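**Student:** Contents are compact mmCIF, C-alpha atoms; file name run-v8.txt:
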```txt
# COMPACT_ATOMS: atom_id res chain seq x y z
CA MET L 1 312.04 144.45 9.30
CA THR L 2 308.42 145.16 8.80
CA ASP L 3 305.69 145.02 11.36
CA THR L 4 304.22 141.88 9.79
CA GLN L 5 307.40 139.91 9.99
CA THR L 6 308.11 137.93 13.08
CA THR L 7 311.47 137.41 14.49
CA PRO L 8 312.44 134.59 16.77
CA GLU L 9 312.01 136.93 19.69
CA THR L 10 308.43 137.80 18.75
CA GLN L 11 307.20 134.35 17.66
CA PRO L 12 304.73 132.75 20.09
CA THR L 13 306.31 130.10 22.24
CA SER L 14 304.60 126.95 23.45
CA MET L 15 304.11 128.64 26.81
CA THR L 16 302.20 131.57 25.41
CA ALA L 17 300.24 129.55 22.79
CA VAL L 18 298.57 127.14 25.25
CA LEU L 19 294.84 127.66 25.23
CA PRO L 20 292.67 126.59 28.13
CA ARG L 21 291.20 123.13 27.68
CA ARG L 22 287.50 123.09 27.04
CA ALA L 23 285.29 120.72 29.01
CA LEU L 24 283.13 118.16 27.26
CA PRO L 25 279.55 119.19 26.70
CA VAL L 26 277.18 118.22 29.50
CA TRP L 27 275.44 115.57 27.37
CA ALA L 28 278.81 113.90 26.69
CA GLN L 29 279.73 113.94 30.38
CA ILE L 30 276.39 112.36 31.28
CA GLY L 31 276.86 109.78 28.54
CA VAL L 32 280.29 108.80 29.83
CA LEU L 33 278.98 108.54 33.39
CA LEU L 34 276.08 106.34 32.25
CA VAL L 35 278.41 104.03 30.33
CA VAL L 36 280.67 103.67 33.36
CA PHE L 37 277.71 103.11 35.69
CA VAL L 38 276.15 100.44 33.47
CA ALA L 39 279.50 98.70 32.95
CA ASP L 40 280.05 98.59 36.73
CA GLY L 41 276.60 97.11 37.21
CA ILE L 42 277.22 94.41 34.63
CA VAL L 43 280.60 93.51 36.11
CA GLY L 44 279.11 93.41 39.61
CA ALA L 45 276.28 91.13 38.50
CA MET L 46 278.73 88.81 36.76
CA ILE L 47 280.92 88.57 39.85
CA ALA L 48 277.91 87.93 42.12
CA THR L 49 276.65 85.20 39.79
CA LYS L 50 280.06 83.55 39.74
CA ILE L 51 280.28 83.60 43.55
CA ILE L 52 276.77 82.17 43.98
CA ARG L 53 277.41 79.39 41.47
CA SER L 54 280.73 78.46 43.07
CA ARG L 55 279.13 78.33 46.53
CA MET L 56 276.32 76.13 45.22
CA GLU L 57 278.85 73.78 43.63
CA TYR L 58 280.83 73.69 46.87
CA TYR L 59 277.74 72.73 48.87
CA ARG L 60 276.88 70.01 46.35
CA GLU L 61 280.34 68.51 46.69
CA HIS L 62 280.61 69.05 50.46
CA ALA L 63 277.17 68.34 51.89
CA ASP L 64 278.52 68.42 55.44
CA ALA L 65 279.54 72.11 55.09
CA LEU L 66 276.03 73.50 54.51
CA PRO L 67 274.59 73.09 58.03
CA SER L 68 277.43 75.00 59.67
CA ASP L 69 276.86 77.89 57.24
CA ILE L 70 273.06 78.00 57.04
CA VAL L 71 271.95 77.11 60.59
CA PRO L 72 273.44 80.24 62.25
CA ARG L 73 271.64 82.40 59.68
CA LEU L 74 268.36 80.63 60.31
CA GLN L 75 268.91 80.89 64.06
CA VAL L 76 269.13 84.68 63.77
CA ARG L 77 266.38 85.17 61.18
CA LEU L 78 263.90 82.88 62.94
CA ALA L 79 264.99 83.62 66.54
CA LEU L 80 265.41 79.90 67.23
CA THR L 81 265.88 78.50 70.71
CA ASP L 82 268.87 76.24 71.36
CA GLU L 83 266.67 73.14 71.12
CA GLN L 84 265.10 74.32 67.85
CA THR L 85 268.55 75.11 66.46
CA LYS L 86 269.73 71.61 67.31
CA GLN L 87 266.70 70.02 65.63
CA VAL L 88 267.00 72.23 62.53
CA ARG L 89 270.70 71.36 62.25
CA GLU L 90 269.95 67.63 62.50
CA THR L 91 267.22 67.92 59.87
CA ILE L 92 269.46 69.78 57.43
CA GLU L 93 272.37 67.40 58.06
CA ARG L 94 270.10 64.45 57.30
CA ARG L 95 268.14 65.93 54.39
CA HIS L 96 270.71 67.96 52.44
CA PRO L 97 272.71 64.93 51.21
CA ARG L 98 269.40 63.43 50.08
CA LEU L 99 268.61 66.61 48.17
CA ILE L 100 271.90 66.32 46.34
CA GLU L 101 271.14 62.71 45.46
CA GLN L 102 267.62 63.65 44.36
CA ARG L 103 269.08 66.33 42.06
CA ARG L 104 270.83 63.58 40.19
CA GLN L 105 267.57 61.64 39.87
CA GLY L 106 265.48 64.53 38.61
CA ALA L 107 263.56 67.64 39.51
CA GLN L 108 260.44 66.04 40.98
CA ALA L 109 262.38 63.83 43.39
CA MET L 110 264.41 66.83 44.52
CA LEU L 111 261.33 68.98 45.05
CA ASN L 112 259.69 66.20 47.07
CA GLU L 113 262.76 65.90 49.31
CA PHE L 114 262.90 69.66 49.81
CA GLN L 115 259.21 69.67 50.77
CA LEU L 116 259.86 66.95 53.36
CA MET L 117 262.73 68.97 54.82
CA GLU L 118 260.63 72.15 54.82
CA ASP L 119 257.77 70.41 56.66
CA GLU L 120 260.09 68.75 59.15
CA ILE L 121 261.77 72.05 60.07
CA ALA L 122 258.37 73.78 60.29
CA GLY L 123 257.32 71.08 62.79
CA VAL L 124 259.82 72.30 65.39
CA LEU L 125 258.90 75.99 65.05
CA ASP L 126 256.20 78.07 66.68
CA PRO L 127 253.51 79.59 64.40
CA LYS L 128 255.30 82.92 63.90
CA GLN L 129 258.58 81.17 63.09
CA GLN L 130 256.73 78.78 60.76
CA GLN L 131 255.40 81.70 58.74
CA GLN L 132 258.91 83.20 58.43
CA TRP L 133 260.36 79.78 57.57
CA ARG L 134 257.79 79.20 54.83
CA THR L 135 258.73 82.56 53.30
CA ILE L 136 262.43 81.65 53.38
CA ALA L 137 261.78 78.16 52.00
CA THR L 138 259.66 79.55 49.17
CA SER L 139 262.44 81.97 48.28
CA VAL L 140 265.01 79.15 48.27
CA ARG L 141 262.71 76.98 46.18
CA HIS L 142 262.26 79.69 43.54
CA ARG L 143 265.90 80.80 43.47
CA PHE L 144 267.81 77.52 43.66
CA LEU L 145 265.59 74.57 42.81
CA PRO L 146 264.37 73.56 39.36
CA PRO L 147 260.73 74.27 38.52
CA ALA L 148 258.26 71.48 39.06
CA PRO L 149 257.81 69.28 35.97
CA GLY L 150 255.14 70.67 33.68
CA ILE L 151 255.63 74.26 34.90
CA GLU L 152 257.44 76.53 32.48
```
Translate the structure described by the file into structure tokens.

**Tutor:**
Amino acid sequence: MTDTQTTPETQPTSMTAVLPRRALPVWAQIGVLLVVFVADGIVGAMIATKIIRSRMEYYREHADALPSDIVPRLQVRLALTDEQTKQVRETIERRHPRLIEQRRQGAQAMLNEFQLMEDEIAGVLDPKQQQQWRTIATSVRHRFLPPAPGIE
């Protein structure tokens, strides 16, 4: 046998021929991380939107469920007294079913009913609470109610 010939004993085996695995270039690693991050953000936004829409539908179909969910939050955020909490609950219990009915009649009727509820709740609050309530109500109006007719 010559030196250039290999015999089965001298042929490289799979154990000796394994080369170390090279890492992806940094730009490729960053690219993969960005794709994963963006995909997670999109999925999270889709899930949040689905949850919000389903809760809104639930409250439209079960008007009596909203006060028990929203009043405790308002009580904490506005630091309501027990009497104020009772009055706010009564107002929401009375006005929310009307809001649902107004939704069926059109945007302007719904906005008018929401304004009446907002003013009635503000009437039982002190000035500091009124300011906080107006901020909350404005946020709700912009996030969940249709725009006023003529406003695009």

**Student:** Give me the box for segment 28-31 of chain L as AutoDock Vina command-line options, namely the centre and edge lengths in Å to one decimal of a box along x, y and z that holds every listed atom plus 8 Å on each side.

**Tutor:**
```
--center_x 278.1 --center_y 111.9 --center_z 29.0 --size_x 19.3 --size_y 20.2 --size_z 20.6
```

**Student:** Counting only C-alpha atoms, what are the residues of segment 57-114 of chain L within 12 Å of segment 36-52 of chain L, and for each of them which pair of atoms is the nearest and at what distance in Å, to one decimal? Sort the table by chain and rising number, as a Markdown table.

**Tutor:**
```
| residue | atom | partner | partner_atom | distance |
| --- | --- | --- | --- | --- |
| L:Glu57 | CA | L:Ile52 | CA | 8.7 |
| L:Tyr58 | CA | L:Ile52 | CA | 9.8 |
| L:Tyr59 | CA | L:Ile52 | CA | 10.7 |
```

**Student:** Could you save those same residues with C-alpha atoms as a PDB file, keeping the file's coordinate frame?

**Tutor:**
```pdb
ATOM      1  CA  GLU L  57     278.850  73.780  43.630  1.00  0.00           C
ATOM      2  CA  TYR L  58     280.830  73.690  46.870  1.00  0.00           C
ATOM      3  CA  TYR L  59     277.740  72.730  48.870  1.00  0.00           C
TER       4      TYR L  59
END
```

**Student:** Find the distance between atom CA of Ile100 of chain L and atom CA of Val140 of chain L and write it in Å to one decimal.

**Tutor:**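 Rounded to one decimal, the two atoms are 14.7 Å apart.
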
**Student:** Please determine, counting all atoms listed in the file, which residue among L:Val35, L:Trp27, L:Leu99, L:Val88 has the shortest atom-to-atom distance to Ser68 of chain L.

**Tutor:** L:Val88

**Student:** Between atom CA of Pro72 of chain L and atom CA of Gln131 of chain L, what is the distance in Å, rounded to a tenth?

**Tutor:** 18.4 Å

**Student:** Could you work out how far atom CA of Leu145 of chain L lies from atom CA of Pro127 of chain L, giving the answer in Å with one decimal?

**Tutor:**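 Atom CA of Leu145 of chain L lies 25.2 Å from atom CA of Pro127 of chain L.
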
**Student:** From the set L:Leu111, L:His62, L:Pro147, L:Arg134, which residue has the shortest atom-to-atom contact distance to Pro97 of chain L, counting all atoms listed in the file?

**Tutor:**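 Between L:Leu111, L:His62, L:Pro147, L:Arg134, the residue approaching Pro97 of chain L most closely is L:His62.
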
**Student:** Give me the residues near Arg60 of chain L as a PyMOL selection string, where near means some atom within 12 Å (using only C-alpha atoms) and where sequence neighbours in that chain fewer than 5 positions away do not count.

**Tutor:** chain L and resi 53-55+65-66+96-104

**Student:** Give the answer as one residue: which of L:Thr81, L:Gln75, L:Gln87, L:Gln105 has the shortest atom-to-atom distance to Trp133 of chain L, using all atoms listed in the file?

**Tutor:**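 Using all atoms listed in the file, the shortest distance to Trp133 of chain L belongs to L:Gln75.
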
**Student:** Neighbours of Ala122 of chain L within 12 Å (all atoms listed in the file; same-chain residues fewer than 6 positions away dropped), as JSON, numbers by chain?

**Tutor:** {"L": [78, 80, 84, 85, 87, 88, 91, 115, 116, 128, 129, 130, 131, 132, 133, 134, 135, 136, 137]}

**Student:** Can you find the residues with an atom no farther than 6 Å from (264.9, 69.6, 35.8), counting all atoms listed in the file, and report them as a list in words?

**Tutor:**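 Using all atoms listed in the file, the matching residues come out as Gly106, Ala107 and Pro146 of chain L.
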
**Student:** Could I get segment 35-68 of chain L rebuilt with N, CA and C atoms, written as a tab-separated table (two decimals), keeping the file's coordinate frame?

**Tutor:**
```tsv
chain	number	residue	atom	x	y	z
L	35	VAL	N	277.68	105.20	30.82
L	35	VAL	CA	278.41	104.03	30.33
L	35	VAL	C	279.20	103.39	31.46
L	36	VAL	N	279.88	104.20	32.24
L	36	VAL	CA	280.67	103.67	33.36
L	36	VAL	C	279.76	103.01	34.39
L	37	PHE	N	278.65	103.65	34.70
L	37	PHE	CA	277.71	103.11	35.69
L	37	PHE	C	277.14	101.76	35.23
L	38	VAL	N	276.71	101.68	33.99
L	38	VAL	CA	276.15	100.44	33.47
L	38	VAL	C	277.21	99.35	33.43
L	39	ALA	N	278.41	99.69	33.00
L	39	ALA	CA	279.50	98.70	32.95
L	39	ALA	C	279.80	98.16	34.35
L	40	ASP	N	279.83	99.04	35.35
L	40	ASP	CA	280.05	98.59	36.73
L	40	ASP	C	278.95	97.66	37.19
L	41	GLY	N	277.72	97.97	36.84
L	41	GLY	CA	276.60	97.11	37.21
L	41	GLY	C	276.70	95.73	36.58
L	42	ILE	N	277.08	95.70	35.32
L	42	ILE	CA	277.22	94.41	34.63
L	42	ILE	C	278.35	93.59	35.25
L	43	VAL	N	279.46	94.22	35.49
L	43	VAL	CA	280.60	93.51	36.11
L	43	VAL	C	280.22	93.00	37.50
L	44	GLY	N	279.54	93.83	38.28
L	44	GLY	CA	279.11	93.41	39.61
L	44	GLY	C	278.16	92.22	39.56
L	45	ALA	N	277.23	92.24	38.64
L	45	ALA	CA	276.28	91.13	38.50
L	45	ALA	C	277.01	89.85	38.08
L	46	MET	N	277.97	89.98	37.20
L	46	MET	CA	278.73	88.81	36.76
L	46	MET	C	279.53	88.21	37.92
L	47	ILE	N	280.14	89.06	38.71
L	47	ILE	CA	280.92	88.57	39.85
L	47	ILE	C	280.00	87.90	40.88
L	48	ALA	N	278.86	88.51	41.16
L	48	ALA	CA	277.91	87.93	42.12
L	48	ALA	C	277.42	86.57	41.63
L	49	THR	N	277.11	86.46	40.35
L	49	THR	CA	276.65	85.20	39.79
L	49	THR	C	277.73	84.13	39.92
L	50	LYS	N	278.94	84.50	39.64
L	50	LYS	CA	280.06	83.55	39.74
L	50	LYS	C	280.23	83.06	41.18
L	51	ILE	N	280.14	83.96	42.14
L	51	ILE	CA	280.28	83.60	43.55
L	51	ILE	C	279.15	82.66	43.98
L	52	ILE	N	277.92	83.00	43.61
L	52	ILE	CA	276.77	82.17	43.98
L	52	ILE	C	276.91	80.77	43.38
L	53	ARG	N	277.27	80.70	42.12
L	53	ARG	CA	277.41	79.39	41.47
L	53	ARG	C	278.53	78.57	42.12
L	54	SER	N	279.63	79.21	42.46
L	54	SER	CA	280.73	78.46	43.07
L	54	SER	C	280.34	77.97	44.46
L	55	ARG	N	279.58	78.78	45.21
L	55	ARG	CA	279.13	78.33	46.53
L	55	ARG	C	278.15	77.16	46.40
L	56	MET	N	277.26	77.23	45.43
L	56	MET	CA	276.32	76.13	45.22
L	56	MET	C	277.07	74.85	44.86
L	57	GLU	N	278.05	74.94	43.99
L	57	GLU	CA	278.85	73.78	43.63
L	57	GLU	C	279.58	73.23	44.86
L	58	TYR	N	280.12	74.12	45.66
L	58	TYR	CA	280.83	73.69	46.87
L	58	TYR	C	279.90	72.90	47.78
L	59	TYR	N	278.69	73.41	47.99
L	59	TYR	CA	277.74	72.73	48.87
L	59	TYR	C	277.28	71.40	48.28
L	60	ARG	N	277.23	71.30	46.96
L	60	ARG	CA	276.88	70.01	46.35
L	60	ARG	C	277.97	68.98	46.59
L	61	GLU	N	279.22	69.43	46.52
L	61	GLU	CA	280.34	68.51	46.69
L	61	GLU	C	280.65	68.24	48.15
L	62	HIS	N	280.32	69.17	49.03
L	62	HIS	CA	280.61	69.05	50.46
L	62	HIS	C	279.32	69.25	51.25
L	63	ALA	N	278.48	68.24	51.25
L	63	ALA	CA	277.17	68.34	51.89
L	63	ALA	C	277.28	68.64	53.38
L	64	ASP	N	278.36	68.21	54.00
L	64	ASP	CA	278.52	68.42	55.44
L	64	ASP	C	278.82	69.88	55.79
L	65	ALA	N	279.19	70.71	54.81
L	65	ALA	CA	279.54	72.11	55.09
L	65	ALA	C	278.30	73.01	55.17
L	66	LEU	N	277.21	72.64	54.54
L	66	LEU	CA	276.03	73.50	54.51
L	66	LEU	C	275.44	73.78	55.88
L	67	PRO	N	275.21	72.78	56.73
L	67	PRO	CA	274.59	73.09	58.03
L	67	PRO	C	275.35	74.12	58.85
L	68	SER	N	276.67	74.04	58.86
L	68	SER	CA	277.43	75.00	59.67
L	68	SER	C	277.33	76.42	59.12
```
